[in-house]
Amino acid sequence: MTLIRSNASRLIAIILILAALCALIPPVSAAPALTDYSNYIVRSGLYYGSSSLSAANFQIVSGTGTGFTAGYYGSDRSFVPLYTLSGETEITVTRANHYNISSGGYVSDGTDNSNVVGAYHVELEISFEDQSELTAAVSQVYAATNYFAFPAYTSSGYRVRIGRYTDKSAAEEVIPTLLERIAPLYPDATMKVVGKGTNAYMVLRTGTKNILYEFDGASRQLGIQPIGSKAETWHKGYRYYGGFDFDNTSSTSLAVISVVKLGDYVKGVTPYELNTSWPEESLKAHALCAQTFAVMNRNRSGHAAYGFDVCTGQHCQVYRGTTGLTTKIANCVDAVAGMIITYNGEPINAVYHSSNGGWSENSENVWVATVPYLRAVEDPFETLSYANNGLWSTSITAAKLTNRLNAYGYAIGRVTGVSIAELTEVGNVLSINVTDGTKTVKLSKENMRMVVGTSVLLSQNFRIVNEGEVYVNDDKTTINGLLGMSVINGDGSTTTLSSADATVLTGSGTEILSATPASGDEFFFEGKGWGHSLGLSQLGSRGMANAGWTYDQIIKYYFTGVQIAGLDY
């Protein structure tokens, strides 16, 4: 006698009521107070690589600050101030190149245009002690020569620079006149033409040719910070705490990096990763994950080359500054200030996902390595009907799936069939087989979702509609058809099937199961959950908080064997 069990809905064994009740009892927490991460600095790449900007505009949020300070960020991530731009609330940072303020782009040498800020200057070869001495010298040089002069910081120290030329020879021609006019001030002075430095930047008053400051720091790069204890800065439609760094991308583009304290960074993450109306303990738990993720991913591979730790998209964490920040979110982030999640005293990779559909997953069933704190746990706290994409059905055409497989390096003909090959211990899909009728390709774990498409396989918790492979008796034995199979009826009797379809009992109720292979021009999937199912479930944390769990209890439920550094008990 063969008991039919549907792979299509990945039946999970019935859990004893007593065990389920024990699993729902909030654990007792205990952890020592450890390092305080309140002053930890996060570098987040806003624009870089192909998204780099030709110029970057910044504006102080009204009522929060009084101007900007220009300087650079040291190797310890601390800001070294060099020149204060008091009262300048709107500035534009460009490369030290010929910049057209109307088009927002750069032009070639010799361009004659009233809207172009030339990058060649005459430099007075005298170093000044500090900003006040330099500021006074700029005023004196302008008064004596009647040529536009501005402050600069160079590898040789503070210098006065004069003019905005697009032609180097034109700059050289005015040196005799400048020396003659400046002789009463600096009788032994010398001058030279400078400009278009390898790691040089101009700071303009936005919308004008007025150079407020130039940074020509050789091995260093320009950094700016707003003036004010809690000043905020507008940049491309978003508000940000902290300052900005500009990596040396090219002579005509800027990489813009947000440099901010850990707590303020998380205030720019949480409103965009969670619904701000959710209960506070859920928001705190997520804020703690976001903090830990940022610390764990310092100089993350793929981003370190651009000079930052984490990006602003789903590859890392969505970060959009303080635009969506509410008092509730700010209070929740402040409640976990300086804390991170640790395992054996080290920060964990505190990953999270939208929902998992009933079980989180073991790390080795999604990625590669076995991570001791990323263990599968049952998740009865999610309300999937509430979640965005918590319950889903999708499809992909045979042609598109074939193209995606070949794009990922799997040489295969037109796909004719897809079936589930293996399940994980908790019933998620570990791998699928894709065939063109001659060749079969096995896709496993997260790579399976990447190849098929994460917009098709929203999670590993899915079934293939009308697939032909059916699990029977256990998770290893399969059949490819229902005809002639014996099934156990509700009254204990057995029946031999005489048609290709049958009503079967699944983990989510009853359904009609067909043995027709998933084939043809389009393949259909139905699933639960959204994301990689590792670590914390955002939707599950909401349910737990509504049930009275505290943020630390939520964290310790989803992450096995962890402690919370900085939390006193």
# chains A, B, ... in the order shown; residues from 1 in each chain; ligands from 1
>>> residues_around(residues="A:Ala398", least_positions_apart="2", cutoff="6 Å", atoms="only C-alpha atoms", output="MDAnalysis selection string")
chainID A and resid 400:401 415 521:522
>>> residues_around(residues="stretch 215-220 of chain A", least_positions_apart="5", cutoff="6 Å", atoms="only C-alpha atoms", output="MDAnalysis selection string")
chainID A and resid 152:155 199:201
>>> residues_around(residues="A:Glu382", least_positions_apart="4", cutoff="9 Å", atoms="only C-alpha atoms", output="ChimeraX atom specification")
/A:355-358,386-387,390,537-544
>>> write_last_selection(atoms="N, CA, C and O atoms", output="compact mmCIF listing (two decimals), in the first residue's frame")
# COMPACT_ATOMS: atom_id res chain seq x y z
N SER A 355 9.25 37.59 4.95
CA SER A 355 8.48 36.50 5.57
C SER A 355 9.00 35.18 5.05
O SER A 355 9.67 35.13 4.03
N ASN A 356 8.69 34.10 5.78
CA ASN A 356 9.20 32.79 5.37
C ASN A 356 8.11 31.76 5.11
O ASN A 356 8.40 30.67 4.62
N GLY A 357 6.89 32.05 5.48
CA GLY A 357 5.79 31.15 5.18
C GLY A 357 5.62 30.01 6.16
O GLY A 357 4.85 29.08 5.90
N GLY A 358 6.31 30.01 7.28
CA GLY A 358 6.12 28.96 8.28
C GLY A 358 7.38 28.45 8.93
O GLY A 358 7.36 27.98 10.07
N TYR A 386 -1.57 39.25 5.52
CA TYR A 386 -1.27 40.66 5.77
C TYR A 386 -0.07 41.12 4.96
O TYR A 386 0.04 42.27 4.56
N ALA A 387 0.83 40.16 4.70
CA ALA A 387 2.12 40.52 4.13
C ALA A 387 2.04 40.85 2.65
O ALA A 387 1.25 40.26 1.91
N GLY A 390 3.27 37.78 0.76
CA GLY A 390 3.37 36.66 1.70
C GLY A 390 2.81 35.38 1.10
O GLY A 390 3.30 34.29 1.34
N SER A 537 12.48 37.11 10.60
CA SER A 537 11.34 37.39 9.73
C SER A 537 10.73 38.71 10.17
O SER A 537 10.31 38.86 11.32
N GLN A 538 10.67 39.67 9.27
CA GLN A 538 10.07 40.95 9.64
C GLN A 538 8.61 40.78 10.00
O GLN A 538 8.15 41.32 11.01
N LEU A 539 7.87 40.02 9.20
CA LEU A 539 6.45 39.81 9.50
C LEU A 539 6.29 39.00 10.78
O LEU A 539 5.38 39.27 11.59
N GLY A 540 7.17 38.02 10.98
CA GLY A 540 7.09 37.23 12.21
C GLY A 540 7.38 38.06 13.44
O GLY A 540 6.76 37.88 14.50
N SER A 541 8.32 39.02 13.32
CA SER A 541 8.62 39.87 14.48
C SER A 541 7.42 40.73 14.85
O SER A 541 7.19 41.02 16.02
N ARG A 542 6.64 41.10 13.86
CA ARG A 542 5.41 41.86 14.13
C ARG A 542 4.44 41.01 14.95
O ARG A 542 3.87 41.48 15.95
N GLY A 543 4.25 39.76 14.52
CA GLY A 543 3.35 38.87 15.25
C GLY A 543 3.84 38.59 16.66
O GLY A 543 3.04 38.54 17.61
N MET A 544 5.14 38.42 16.82
CA MET A 544 5.69 38.15 18.15
C MET A 544 5.51 39.36 19.06
O MET A 544 5.16 39.21 20.25
>>> residues_around(residues="A:Gly87", least_positions_apart="6", cutoff="8 Å", atoms="only C-alpha atoms", output="JSON, numbers by chain")
{"A": [66, 67, 68]}
>>> residues_around(residues="A:Val80", least_positions_apart="4", cutoff="9 Å", atoms="only C-alpha atoms", output="list of chain:residue names")
A:Ala70, A:Gly71, A:Tyr72, A:Tyr73, A:Gly74, A:Gly223
>>> select_by_dssp(residues="stretch 362-458 of chain A", states="alpha helix (DSSP H)", output="PyMOL selection string")
chain A and resi 398-407+445-452
>>> write_last_selection(atoms="N, CA and C atoms", output="tab-separated table (two decimals), in the first residue's frame")
chain	number	residue	atom	x	y	z
A	398	ALA	N	8.68	29.45	-21.03
A	398	ALA	CA	9.78	28.54	-21.37
A	398	ALA	C	10.90	29.30	-22.06
A	399	ALA	N	10.54	30.23	-22.93
A	399	ALA	CA	11.56	30.99	-23.66
A	399	ALA	C	12.39	31.83	-22.71
A	400	LYS	N	11.73	32.52	-21.78
A	400	LYS	CA	12.47	33.38	-20.84
A	400	LYS	C	13.34	32.55	-19.91
A	401	LEU	N	12.82	31.42	-19.43
A	401	LEU	CA	13.60	30.56	-18.54
A	401	LEU	C	14.82	30.01	-19.29
A	402	THR	N	14.64	29.64	-20.53
A	402	THR	CA	15.77	29.15	-21.34
A	402	THR	C	16.83	30.24	-21.47
A	403	ASN	N	16.41	31.46	-21.74
A	403	ASN	CA	17.35	32.57	-21.89
A	403	ASN	C	18.09	32.84	-20.58
A	404	ARG	N	17.39	32.77	-19.47
A	404	ARG	CA	18.03	33.03	-18.18
A	404	ARG	C	19.06	31.96	-17.86
A	405	LEU	N	18.74	30.72	-18.13
A	405	LEU	CA	19.69	29.64	-17.89
A	405	LEU	C	20.95	29.82	-18.73
A	406	ASN	N	20.80	30.14	-19.97
A	406	ASN	CA	21.96	30.33	-20.84
A	406	ASN	C	22.76	31.57	-20.44
A	407	ALA	N	22.06	32.61	-19.97
A	407	ALA	CA	22.75	33.82	-19.52
A	407	ALA	C	23.61	33.54	-18.29
A	445	LYS	N	19.35	25.92	-4.03
A	445	LYS	CA	19.49	26.96	-3.00
A	445	LYS	C	19.19	28.35	-3.56
A	446	GLU	N	19.94	29.35	-3.08
A	446	GLU	CA	19.69	30.72	-3.53
A	446	GLU	C	19.99	30.89	-5.01
A	447	ASN	N	20.94	30.11	-5.52
A	447	ASN	CA	21.25	30.18	-6.94
A	447	ASN	C	20.03	29.82	-7.78
A	448	MET	N	19.21	28.92	-7.29
A	448	MET	CA	17.98	28.54	-7.98
A	448	MET	C	17.09	29.77	-8.17
A	449	ARG	N	16.95	30.56	-7.10
A	449	ARG	CA	16.12	31.77	-7.19
A	449	ARG	C	16.76	32.82	-8.09
A	450	MET	N	18.08	32.93	-8.02
A	450	MET	CA	18.76	33.93	-8.84
A	450	MET	C	18.60	33.62	-10.33
A	451	VAL	N	18.76	32.34	-10.69
A	451	VAL	CA	18.69	31.96	-12.09
A	451	VAL	C	17.27	32.08	-12.63
A	452	VAL	N	16.33	31.50	-11.93
A	452	VAL	CA	14.94	31.58	-12.39
A	452	VAL	C	14.44	33.01	-12.29
>>> closest_residue(among="A:Thr252, A:Asn97, A:Asn210, A:Thr322", to="A:Phe150", atoms="only C-alpha atoms")
A:Asn210
>>> atom_distance(atom1="atom CA of A:Phe523", atom2="atom CA of A:Ile464")
7.6 Å
>>> closest_residue(among="A:Tyr241, A:Phe381, A:Tyr551, A:Tyr408", to="A:Cys332", atoms="only C-alpha atoms")
A:Tyr551
>>> residues_around(residues="A:Ile60", least_positions_apart="3", cutoff="7 Å", atoms="only C-alpha atoms", output="ChimeraX atom specification")
/A:65,67,89-90,232-234
>>> write_last_selection(atoms="C-alpha atoms", output="short mmCIF file (atom, residue, chain, number, x, y, z; two decimals), in the first residue's frame")
data_model
loop_
_atom_site.label_atom_id
_atom_site.label_comp_id
_atom_site.auth_asym_id
_atom_site.auth_seq_id
_atom_site.Cartn_x
_atom_site.Cartn_y
_atom_site.Cartn_z
CA GLY A 65 22.23 73.96 10.53
CA GLY A 67 26.52 76.04 6.83
CA THR A 89 23.58 76.60 3.10
CA GLU A 90 23.55 75.55 -0.57
CA GLU A 232 20.39 67.57 8.32
CA THR A 233 21.33 67.93 4.67
CA TRP A 234 19.19 67.60 1.56
#
>>> residues_around(residues="A:Asn349", least_positions_apart="4", cutoff="12 Å", atoms="only C-alpha atoms", output="VMD selection string")
chain A and resid 288 to 298 300 316 340 to 343 363 371 to 374 534 to 536 559 562
>>> atom_distance(atom1="atom CA of A:Val429", atom2="atom CA of A:Thr370")
17.4 Å
>>> atom_distance(atom1="atom CA of A:Thr84", atom2="atom CA of A:Gln131")
8.0 Å
>>> closest_residue(among="A:Gly417, A:Pro271, A:Gly302, A:Gly531", to="A:Val456", atoms="only C-alpha atoms")
A:Gly531
>>> closest_residue(among="A:Thr440, A:Ser78, A:Asn461, A:Gln553", to="A:Phe244", atoms="only C-alpha atoms")
A:Ser78
>>> select_by_dssp(residues="stretch 391-485 of chain A", states="strand (DSSP E or B)", output="JSON, numbers by chain")
{"A": [391, 392, 393, 394, 395, 396, 397, 417, 418, 419, 420, 421, 422, 423, 429, 430, 431, 432, 433, 434, 435, 440, 441, 442, 443, 444, 462, 463, 464, 470, 471, 472, 478, 479]}
>>> write_last_selection(atoms="C-alpha atoms", output="compact mmCIF listing (two decimals), in the first residue's frame")
# COMPACT_ATOMS: atom_id res chain seq x y z
CA LEU A 391 1.17 34.42 -0.44
CA TRP A 392 2.05 34.45 -4.10
CA SER A 393 1.63 32.85 -7.50
CA THR A 394 3.91 33.59 -10.42
CA SER A 395 4.94 32.17 -13.78
CA ILE A 396 7.74 32.26 -16.32
CA THR A 397 7.65 31.36 -20.00
CA GLY A 417 9.97 20.68 -18.09
CA VAL A 418 10.56 21.82 -14.49
CA SER A 419 10.21 19.69 -11.37
CA ILE A 420 11.19 19.77 -7.71
CA ALA A 421 14.21 17.57 -7.00
CA GLU A 422 14.86 17.94 -3.25
CA LEU A 423 13.33 19.42 -0.13
CA VAL A 429 12.64 23.55 -1.88
CA LEU A 430 16.35 22.75 -1.92
CA SER A 431 16.66 22.16 -5.66
CA ILE A 432 14.74 21.84 -8.90
CA ASN A 433 15.44 20.01 -12.15
CA VAL A 434 15.07 21.88 -15.42
CA THR A 435 15.17 19.87 -18.66
CA THR A 440 18.73 18.19 -17.25
CA VAL A 441 20.13 21.02 -15.12
CA LYS A 442 19.81 21.00 -11.35
CA LEU A 443 19.45 24.43 -9.70
CA SER A 444 19.92 24.60 -5.94
CA PHE A 462 6.89 27.01 -3.19
CA ARG A 463 5.35 24.33 -5.32
CA ILE A 464 5.24 23.91 -9.08
CA VAL A 470 5.07 13.30 -6.25
CA TYR A 471 6.63 12.28 -2.93
CA VAL A 472 5.18 9.18 -1.27
CA THR A 478 8.88 9.59 -5.72
CA ILE A 479 6.51 8.53 -8.47
>>> closest_residue(among="A:Tyr165, A:Phe525, A:Tyr158, A:Tyr558", to="A:Tyr99", atoms="only C-alpha atoms")
A:Tyr165
